[in-house]
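Engineer: Got a structure for you, structure26.cif, holding mmCIF, C-alpha atoms.
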```
data_model
loop_
_atom_site.label_atom_id
_atom_site.label_comp_id
_atom_site.auth_asym_id
_atom_site.auth_seq_id
_atom_site.Cartn_x
_atom_site.Cartn_y
_atom_site.Cartn_z
CA MET A 1 -22.45 56.64 -3.82
CA ARG A 2 -24.66 55.72 -6.74
CA SER A 3 -22.92 55.16 -10.04
CA ILE A 4 -23.61 53.53 -13.38
CA ARG A 5 -21.49 52.16 -16.19
CA PHE A 6 -22.40 52.25 -19.82
CA GLU A 7 -20.91 52.31 -23.29
CA ALA A 8 -21.07 55.32 -25.54
CA LYS A 9 -20.02 55.97 -29.10
CA VAL A 10 -19.30 59.65 -28.56
CA MET A 11 -18.68 61.87 -25.59
CA ASN A 12 -20.84 64.97 -25.68
CA ASP A 13 -23.79 66.67 -24.06
CA ALA A 14 -26.09 63.84 -25.02
CA THR A 15 -23.92 61.40 -23.10
CA VAL A 16 -24.15 63.55 -19.99
CA LYS A 17 -27.89 63.84 -20.45
CA TYR A 18 -28.28 60.10 -20.77
CA ALA A 19 -26.31 59.57 -17.56
CA ALA A 20 -28.39 62.21 -15.77
CA ASP A 21 -31.59 60.50 -16.88
CA GLU A 22 -30.34 57.12 -15.69
CA LEU A 23 -29.19 58.45 -12.32
CA LYS A 24 -32.37 60.55 -12.11
CA ILE A 25 -30.62 63.74 -11.11
CA ASN A 26 -29.84 67.13 -12.58
CA LYS A 27 -27.04 66.99 -15.14
CA ASP A 28 -25.06 69.70 -13.33
CA PHE A 29 -24.22 67.12 -10.69
CA VAL A 30 -23.08 64.33 -13.00
CA GLU A 31 -19.45 63.47 -13.43
CA LEU A 32 -18.26 61.24 -16.25
CA ASN A 33 -15.08 59.23 -16.24
CA VAL A 34 -13.82 57.27 -19.18
CA ILE A 35 -12.73 53.90 -17.90
CA GLU A 36 -11.66 52.36 -21.15
CA GLU A 37 -11.62 53.00 -24.85
CA LYS A 38 -12.65 50.02 -26.96
CA PHE A 39 -11.83 49.74 -30.60
CA GLY A 40 -13.94 47.87 -33.07
CA LEU A 41 -12.87 45.83 -36.01
CA LEU A 42 -10.07 47.43 -38.02
CA ARG A 43 -9.88 50.20 -35.39
CA LEU A 44 -12.53 52.07 -37.31
CA ASN A 45 -15.12 52.75 -34.66
CA LYS A 46 -14.34 53.22 -31.05
CA THR A 47 -16.60 53.11 -28.04
CA PHE A 48 -16.04 54.51 -24.60
CA VAL A 49 -16.77 52.65 -21.42
CA VAL A 50 -17.99 55.42 -19.16
CA GLU A 51 -18.65 55.52 -15.48
CA ALA A 52 -21.05 58.19 -14.28
CA THR A 53 -21.04 59.26 -10.65
CA ILE A 54 -22.74 61.95 -8.67
CA LYS A 55 -20.51 64.92 -8.10
CA PHE A 56 -21.73 66.29 -4.84
CA ASP A 57 -19.98 67.71 -1.82
CA VAL A 58 -22.47 67.90 1.05
CA VAL A 59 -21.02 70.95 2.75
CA ARG A 60 -19.92 72.96 -0.26
CA ASP A 61 -22.92 72.38 -2.50
CA SER A 62 -25.51 72.86 0.19
CA ILE A 63 -23.94 76.14 1.31
CA LYS A 64 -23.99 77.23 -2.31
CA TYR A 65 -27.68 76.34 -2.61
CA LEU A 66 -28.61 78.12 0.60
CA GLN A 67 -26.53 81.19 -0.21
CA GLN A 68 -28.20 81.38 -3.60
CA ILE A 69 -31.67 81.41 -2.01
CA LEU A 70 -30.65 84.20 0.35
CA ASP A 71 -29.00 86.21 -2.41
CA ASN A 72 -32.15 85.95 -4.47
CA MET A 73 -34.17 87.19 -1.53
CA GLN A 74 -31.83 90.20 -1.43
CA LEU A 75 -30.64 89.37 2.05
CA GLU A 76 -27.04 89.72 3.07
CA ALA A 77 -26.18 86.59 4.91
CA VAL A 78 -23.37 84.65 6.49
CA VAL A 79 -23.83 80.90 6.22
CA GLU A 80 -21.80 78.35 8.12
CA ALA A 81 -22.14 74.61 7.90
CA LYS A 82 -20.76 71.96 10.19
CA ILE A 83 -20.93 68.20 10.15
CA VAL A 84 -21.63 67.45 13.80
CA ALA A 85 -21.91 63.70 13.74
CA ASP A 86 -22.18 60.94 11.20
CA HIS A 87 -24.83 62.07 8.74
CA GLU A 88 -25.81 65.07 10.75
CA ILE A 89 -25.24 68.54 9.43
CA THR A 90 -26.09 71.90 10.96
CA PHE A 91 -26.31 75.26 9.29
CA VAL A 92 -25.99 78.54 11.12
CA VAL A 93 -27.32 81.52 9.21
CA ASN A 94 -27.02 85.15 10.18
CA THR A 95 -28.58 87.88 8.12
CA SER A 96 -29.32 91.56 8.41
CA GLU A 97 -33.02 90.76 8.64
CA ASN A 98 -33.41 87.58 10.67
CA PRO A 99 -37.14 87.96 11.53
CA ILE A 100 -38.13 87.76 7.86
CA LEU A 101 -36.18 84.59 7.41
CA ILE A 102 -37.56 82.96 10.55
CA GLY A 103 -41.21 83.79 9.93
CA LYS A 104 -44.17 83.30 12.20
CA ASN A 105 -43.41 80.51 14.69
CA GLY A 106 -40.35 79.66 12.63
CA LYS A 107 -42.44 78.73 9.58
CA THR A 108 -40.02 80.08 7.00
CA LEU A 109 -37.12 78.58 8.90
CA ASP A 110 -38.80 75.18 8.68
CA ALA A 111 -39.41 75.66 4.97
CA ILE A 112 -35.74 76.38 4.38
CA GLN A 113 -34.80 73.34 6.42
CA THR A 114 -37.21 71.10 4.49
CA LEU A 115 -35.87 72.26 1.14
CA LEU A 116 -32.26 71.90 2.19
CA LYS A 117 -32.85 68.44 3.61
CA ASN A 118 -34.61 67.37 0.42
CA PHE A 119 -31.80 68.85 -1.66
CA ILE A 120 -29.06 67.04 0.27
CA ASN A 121 -30.82 63.69 0.43
CA LEU A 122 -31.55 63.77 -3.28
CA PHE A 123 -27.87 63.47 -4.07
CA THR A 124 -26.64 61.24 -1.28
CA ASP A 125 -27.55 57.68 -0.41
CA GLU A 126 -26.94 58.13 3.28
CA HIS A 127 -29.79 59.82 5.02
CA TYR A 128 -28.68 63.14 6.47
CA VAL A 129 -30.24 64.87 9.43
CA VAL A 130 -30.32 68.55 8.58
CA LEU A 131 -30.73 71.34 11.10
CA VAL A 132 -30.90 75.01 10.22
CA ASP A 133 -30.64 77.73 12.82
CA ILE A 134 -31.07 81.41 12.09
CA GLY A 135 -29.64 83.93 14.51
CA GLY A 136 -29.83 81.51 17.42
CA TYR A 137 -33.62 81.23 17.12
CA LYS A 138 -33.80 77.48 17.62
CA GLU A 139 -31.45 77.50 20.58
CA GLN A 140 -33.48 80.20 22.28
CA ARG A 141 -36.76 78.46 21.49
CA LYS A 142 -35.40 75.20 22.90
CA LYS A 143 -34.51 76.90 26.19
CA GLN A 144 -37.97 78.46 26.39
CA LEU A 145 -39.62 75.11 25.71
CA GLU A 146 -37.55 73.38 28.34
CA ILE A 147 -38.54 75.98 30.91
CA LEU A 148 -42.18 75.61 29.90
CA ALA A 149 -41.93 71.82 30.12
CA THR A 150 -40.38 71.81 33.58
CA LYS A 151 -42.84 74.36 34.90
CA THR A 152 -45.90 72.56 33.57
CA ALA A 153 -44.62 69.15 34.64
CA LYS A 154 -44.16 70.36 38.24
CA GLU A 155 -47.71 71.69 38.19
CA VAL A 156 -49.04 68.38 36.83
CA ALA A 157 -47.13 66.36 39.40
CA LYS A 158 -48.56 68.48 42.19
CA THR A 159 -52.20 68.74 41.09
CA ARG A 160 -52.37 65.39 39.27
CA VAL A 161 -54.44 66.98 36.52
CA GLU A 162 -53.19 66.56 32.95
CA ALA A 163 -52.15 69.64 31.02
CA LYS A 164 -52.28 70.29 27.30
CA LEU A 165 -49.67 72.54 25.71
CA GLY A 166 -50.21 74.68 22.63
CA LYS A 167 -49.79 73.36 19.10
CA MET A 168 -46.22 72.67 18.13
CA ASN A 169 -44.25 71.20 15.27
CA ALA A 170 -42.42 67.89 15.43
CA TYR A 171 -39.12 69.35 16.54
CA GLU A 172 -40.65 71.36 19.37
CA ARG A 173 -42.67 68.39 20.62
CA ARG A 174 -39.54 66.31 20.59
CA VAL A 175 -37.76 68.83 22.80
CA ILE A 176 -40.57 68.51 25.40
CA HIS A 177 -40.67 64.70 25.20
CA THR A 178 -36.92 64.36 25.69
CA LYS A 179 -36.85 66.90 28.48
CA LEU A 180 -39.52 65.03 30.45
CA ALA A 181 -38.49 61.49 29.48
CA ASP A 182 -36.74 60.73 32.76
CA TRP A 183 -39.28 62.33 35.08
CA ARG A 184 -40.78 59.98 37.66
CA ASP A 185 -44.16 61.65 38.14
CA VAL A 186 -45.30 62.52 34.62
CA THR A 187 -45.57 61.01 31.15
CA THR A 188 -45.92 62.84 27.87
CA GLU A 189 -48.00 62.04 24.82
CA SER A 190 -48.76 63.77 21.55
CA GLU A 191 -52.37 64.26 20.55
CA GLY A 192 -54.26 65.57 17.55
CA GLU A 193 -53.44 65.78 13.88
CA GLU A 194 -50.78 67.85 12.13
CA PRO A 195 -50.53 70.80 12.00
CA ASN A 196 -52.51 71.06 15.24
CA ARG A 197 -50.72 68.31 17.11
CA CYS A 198 -49.85 69.13 20.70
CA VAL A 199 -48.17 67.61 23.72
CA VAL A 200 -50.20 66.46 26.69
CA ILE A 201 -48.44 66.07 30.03
CA LYS A 202 -50.15 63.44 32.18
CA PRO A 203 -49.57 62.40 35.76
CA LYS A 204 -48.14 58.90 36.09
CA ASN A 205 -50.23 56.34 37.99
CA LYS A 206 -48.58 54.96 41.05
CA MET B 207 -35.24 96.87 -3.85
CA ALA B 208 -36.48 94.48 -6.40
CA VAL B 209 -36.57 90.80 -5.76
CA ASN B 210 -36.53 88.75 -8.90
CA PHE B 211 -39.10 86.10 -8.05
CA GLU B 212 -38.69 84.15 -11.26
CA LYS B 213 -34.99 83.75 -10.56
CA LEU B 214 -35.58 82.89 -6.91
CA ILE B 215 -37.99 80.12 -7.79
CA SER B 216 -36.10 78.75 -10.76
CA ASP B 217 -32.90 78.59 -8.67
CA LEU B 218 -34.83 76.73 -5.99
CA VAL B 219 -36.33 74.24 -8.39
CA THR B 220 -33.54 73.69 -10.94
CA PRO B 221 -31.31 71.39 -8.85
CA LEU B 222 -34.31 69.20 -8.05
CA VAL B 223 -35.34 68.39 -11.59
CA VAL B 224 -33.91 65.90 -14.04
CA HIS B 225 -35.01 67.91 -17.07
CA PRO B 226 -33.96 71.51 -16.39
CA GLU B 227 -34.50 72.33 -20.07
CA ASP B 228 -38.24 71.78 -19.61
CA LEU B 229 -38.50 74.09 -16.63
CA VAL B 230 -40.49 77.25 -17.23
CA VAL B 231 -40.99 79.88 -14.55
CA LYS B 232 -43.22 82.69 -15.69
CA LYS B 233 -44.86 85.67 -14.08
CA PHE B 234 -48.56 85.37 -14.78
CA ALA B 235 -50.26 88.35 -13.25
CA GLU B 236 -49.09 91.19 -11.11
CA ASP B 237 -50.84 94.05 -9.39
CA ASP B 238 -50.16 96.15 -6.31
CA GLU B 239 -51.05 93.47 -3.80
CA SER B 240 -50.47 90.15 -5.42
CA LEU B 241 -48.33 88.27 -7.82
CA THR B 242 -48.95 84.95 -9.55
CA ILE B 243 -46.11 82.84 -10.77
CA GLN B 244 -46.54 79.78 -12.92
CA VAL B 245 -44.03 76.97 -12.68
CA LEU B 246 -44.13 74.35 -15.41
CA VAL B 247 -42.00 71.24 -15.14
CA ASN B 248 -41.63 68.01 -17.03
CA GLN B 249 -44.20 65.36 -16.11
CA ASP B 250 -41.46 63.11 -14.67
CA ASP B 251 -40.25 65.85 -12.34
CA LEU B 252 -43.62 66.91 -11.01
CA GLY B 253 -43.46 64.54 -8.06
CA ARG B 254 -40.09 65.83 -6.96
CA VAL B 255 -41.09 69.45 -7.08
CA ILE B 256 -44.33 68.88 -5.18
CA GLY B 257 -42.95 66.35 -2.72
CA LYS B 258 -44.73 63.97 -0.40
CA GLY B 259 -48.02 65.54 0.59
CA GLY B 260 -46.96 68.78 -1.08
CA LYS B 261 -44.11 69.26 1.37
CA ILE B 262 -41.62 70.71 -1.08
CA ALA B 263 -44.21 72.81 -2.90
CA ASN B 264 -45.34 74.32 0.39
CA ALA B 265 -41.75 75.02 1.44
CA ILE B 266 -41.14 76.83 -1.85
CA ARG B 267 -44.34 78.81 -1.33
CA THR B 268 -43.38 79.77 2.22
CA ILE B 269 -39.97 81.05 1.13
CA ALA B 270 -41.45 83.02 -1.76
CA TYR B 271 -44.09 84.37 0.59
CA ALA B 272 -41.40 85.58 3.01
CA ALA B 273 -39.51 87.29 0.20
CA ALA B 274 -42.70 88.93 -1.07
CA SER B 275 -43.84 90.05 2.37
CA ARG B 276 -40.99 92.55 2.48
CA LEU B 277 -42.56 94.27 -0.50
CA GLY B 278 -46.00 94.02 1.06
CA LYS B 279 -47.27 91.60 -1.55
CA LYS B 280 -48.96 88.24 -1.59
CA ILE B 281 -47.56 85.61 -3.88
CA ASN B 282 -49.27 82.66 -5.50
CA ILE B 283 -47.34 79.84 -7.07
CA ASP B 284 -48.93 77.40 -9.47
CA ILE B 285 -46.98 74.25 -10.09
CA ASP B 286 -48.02 72.14 -13.02
CA ALA B 287 -46.73 69.81 -15.68
CA PHE B 288 -47.34 70.11 -19.38
#
```
Show the structure stored in the file as structure tokens.
Structural biologist:
Amino acid sequence: MRSIRFEAKVMNDATVKYAADELKINKDFVELNVIEEKFGLLRLNKTFVVEATIKFDVVRDSIKYLQQILDNMQLEAVVEAKIVADHEITFVVNTSENPILIGKNGKTLDAIQTLLKNFINLFTDEHYVVLVDIGGYKEQRKKQLEILATKTAKEVAKTRVEAKLGKMNAYERRVIHTKLADWRDVTTESEGEEPNRCVVIKPKNK
Amino acid sequence: MAVNFEKLISDLVTPLVVHPEDLVVKKFAEDDESLTIQVLVNQDDLGRVIGKGGKIANAIRTIAYAAASRLGKKINIDIDAF
């Protein structure tokens, strides 16, 4: 956790603001602790030795942020967060109107995930992997992609003609790559430029 | 149902900036089909709000777009520093 130490003559809003500027974060997330009070000559003027740290709880604050977005969109939502592994956090969201929140090809879902990831990694030094799922969309999409991958790979192995899949985002391509990583007969490669990058399944030379 | 777009966007942006007192979110123009919202931030915060390659700015736009689509509107967001 990032922290700084400095000396201040007074403790007020300006002190908090100074600490926020130094830590380069919003002042709502700054916590000040007085380490020591120093007295000057004749005990006339005193200075504080202050330690400023970032007050941020990954699970609590990120749920708050996400819930706030959804409230502002006038959607009733249930948000759950879970730390699955070291530096990996997943959010499961369920609302009354899931399709709006998912968007075309999961575009809005990705936007929410990007914002949340940026928000979390702004306040923590460790790099968190953030996954957001809305109404089981990602899980379902993953299953579909795996079926598509297996089906196409079988076809490629049989005909020995390479096959190009439709355009996909990084996460979806990754699902295909991992699914086919241990196949003997085919290799996978990504081609093209974002946002039109797509996976090509090629037969392996023997 | 009225979605308060200014509040939605300012709540999205506020935690990201170092100078929340300089943040201005203002409705610029509104008609039946479209809505323009101007976001002004401090020069030092501009990079954070836009993000690498406009990643954050586009994410904010996509979310606002989704919220506006329920009302059948298009939304434009201008992000700038002063």
Engineer: For a quick test of understanding: name the residues of chain A lying within 7 Å of chain B when counting only C-alpha atoms, and present them as a VMD selection string.
Structural biologist: chain A and resid 20 to 21 24 to 26 69 72 to 74 100 to 101 108 111 to 112 114 to 115 119
Engineer: Could you expand the PyMOL selection byres ((chain B and resi 241) around 7) into the explicit residues it covers here, written as a VMD selection string?
Structural biologist: chain B and resid 235 to 237 240 242 to 243 280 to 282
Engineer: State, in Å with one decimal place, the distance from atom CA of B:Leu229 to atom CA of A:Arg2.
Structural biologist: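 Spanning atom CA of B:Leu229 to atom CA of A:Arg2 is a straight-line distance of 25.0 Å.
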Engineer: Leaving out B:Asp228 and any residue of its chain fewer than 5 positions from it, which residues lie within 8 Å of it when counting only C-alpha atoms, given as a compact mmCIF listing (two decimals) with C-alpha atoms, keeping the file's coordinate frame?
Structural biologist:
```txt
# COMPACT_ATOMS: atom_id res chain seq x y z
CA LEU B 246 -44.13 74.35 -15.41
CA VAL B 247 -42.00 71.24 -15.14
CA ASN B 248 -41.63 68.01 -17.03
```
Engineer: List as a list of chain:residue names the residues having at least one atom at most 7 Å from position (-45.8, 72.0, -6.6) as given in the file, counting only C-alpha atoms.
Structural biologist: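 Every residue inside that radius is included here: B:Val255, B:Ile256, B:Gly260, B:Ala263, B:Asp284, B:Ile285, B:Asp286.
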Engineer: Might you spell out which residues the PyMOL selection byres ((chain A and resi 198-206) around 10) would select in the displayed file, as an mmCIF file with C-alpha atoms, in the frame of the given file?
Structural biologist:
```cif
data_model
loop_
_atom_site.group_PDB
_atom_site.id
_atom_site.type_symbol
_atom_site.label_atom_id
_atom_site.label_comp_id
_atom_site.auth_asym_id
_atom_site.auth_seq_id
_atom_site.Cartn_x
_atom_site.Cartn_y
_atom_site.Cartn_z
ATOM 1 C CA ALA A 149 -41.930 71.820 30.120
ATOM 2 C CA THR A 152 -45.900 72.560 33.570
ATOM 3 C CA ALA A 153 -44.620 69.150 34.640
ATOM 4 C CA LYS A 154 -44.160 70.360 38.240
ATOM 5 C CA GLU A 155 -47.710 71.690 38.190
ATOM 6 C CA VAL A 156 -49.040 68.380 36.830
ATOM 7 C CA ALA A 157 -47.130 66.360 39.400
ATOM 8 C CA LYS A 158 -48.560 68.480 42.190
ATOM 9 C CA THR A 159 -52.200 68.740 41.090
ATOM 10 C CA ARG A 160 -52.370 65.390 39.270
ATOM 11 C CA VAL A 161 -54.440 66.980 36.520
ATOM 12 C CA GLU A 162 -53.190 66.560 32.950
ATOM 13 C CA ALA A 163 -52.150 69.640 31.020
ATOM 14 C CA LYS A 164 -52.280 70.290 27.300
ATOM 15 C CA LEU A 165 -49.670 72.540 25.710
ATOM 16 C CA GLY A 166 -50.210 74.680 22.630
ATOM 17 C CA LYS A 167 -49.790 73.360 19.100
ATOM 18 C CA MET A 168 -46.220 72.670 18.130
ATOM 19 C CA ASN A 169 -44.250 71.200 15.270
ATOM 20 C CA ALA A 170 -42.420 67.890 15.430
ATOM 21 C CA GLU A 172 -40.650 71.360 19.370
ATOM 22 C CA ARG A 173 -42.670 68.390 20.620
ATOM 23 C CA ARG A 174 -39.540 66.310 20.590
ATOM 24 C CA ILE A 176 -40.570 68.510 25.400
ATOM 25 C CA HIS A 177 -40.670 64.700 25.200
ATOM 26 C CA LEU A 180 -39.520 65.030 30.450
ATOM 27 C CA TRP A 183 -39.280 62.330 35.080
ATOM 28 C CA ARG A 184 -40.780 59.980 37.660
ATOM 29 C CA ASP A 185 -44.160 61.650 38.140
ATOM 30 C CA VAL A 186 -45.300 62.520 34.620
ATOM 31 C CA THR A 187 -45.570 61.010 31.150
ATOM 32 C CA THR A 188 -45.920 62.840 27.870
ATOM 33 C CA GLU A 189 -48.000 62.040 24.820
ATOM 34 C CA SER A 190 -48.760 63.770 21.550
ATOM 35 C CA GLU A 191 -52.370 64.260 20.550
ATOM 36 C CA GLY A 192 -54.260 65.570 17.550
ATOM 37 C CA GLU A 193 -53.440 65.780 13.880
ATOM 38 C CA GLU A 194 -50.780 67.850 12.130
ATOM 39 C CA PRO A 195 -50.530 70.800 12.000
ATOM 40 C CA ASN A 196 -52.510 71.060 15.240
ATOM 41 C CA ARG A 197 -50.720 68.310 17.110
#
```
Engineer: Rounded to one decimal in Å, what is the spacing between atom CA of A:Glu51 and atom CA of A:Leu32?
Structural biologist: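 Atom CA of A:Leu32 lies at a distance of 5.8 Å from atom CA of A:Glu51.
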Engineer: Could you give me, as number ranges by chain, the residues that sit within 10 Å of (-29.0, 78.4, 10.7) in the file's coordinates, counting all atoms listed in the file?
Structural biologist: A: 78-81, 90-95, 102, 109, 112-113, 131-138
Engineer: Figure out the distance between atom CA of A:Val50 and atom CA of A:Glu37, please, to one decimal in Å.
Structural biologist: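 Computing it gives 8.9 Å between the two atoms.
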Engineer: Given the file shown, enumerate the residues that the PyMOL selection byres ((chain A and resi 16) around 9) captures and present them as an MDAnalysis selection string.
Structural biologist: chainID A and resid 11:15 17:21 27 30:32 52
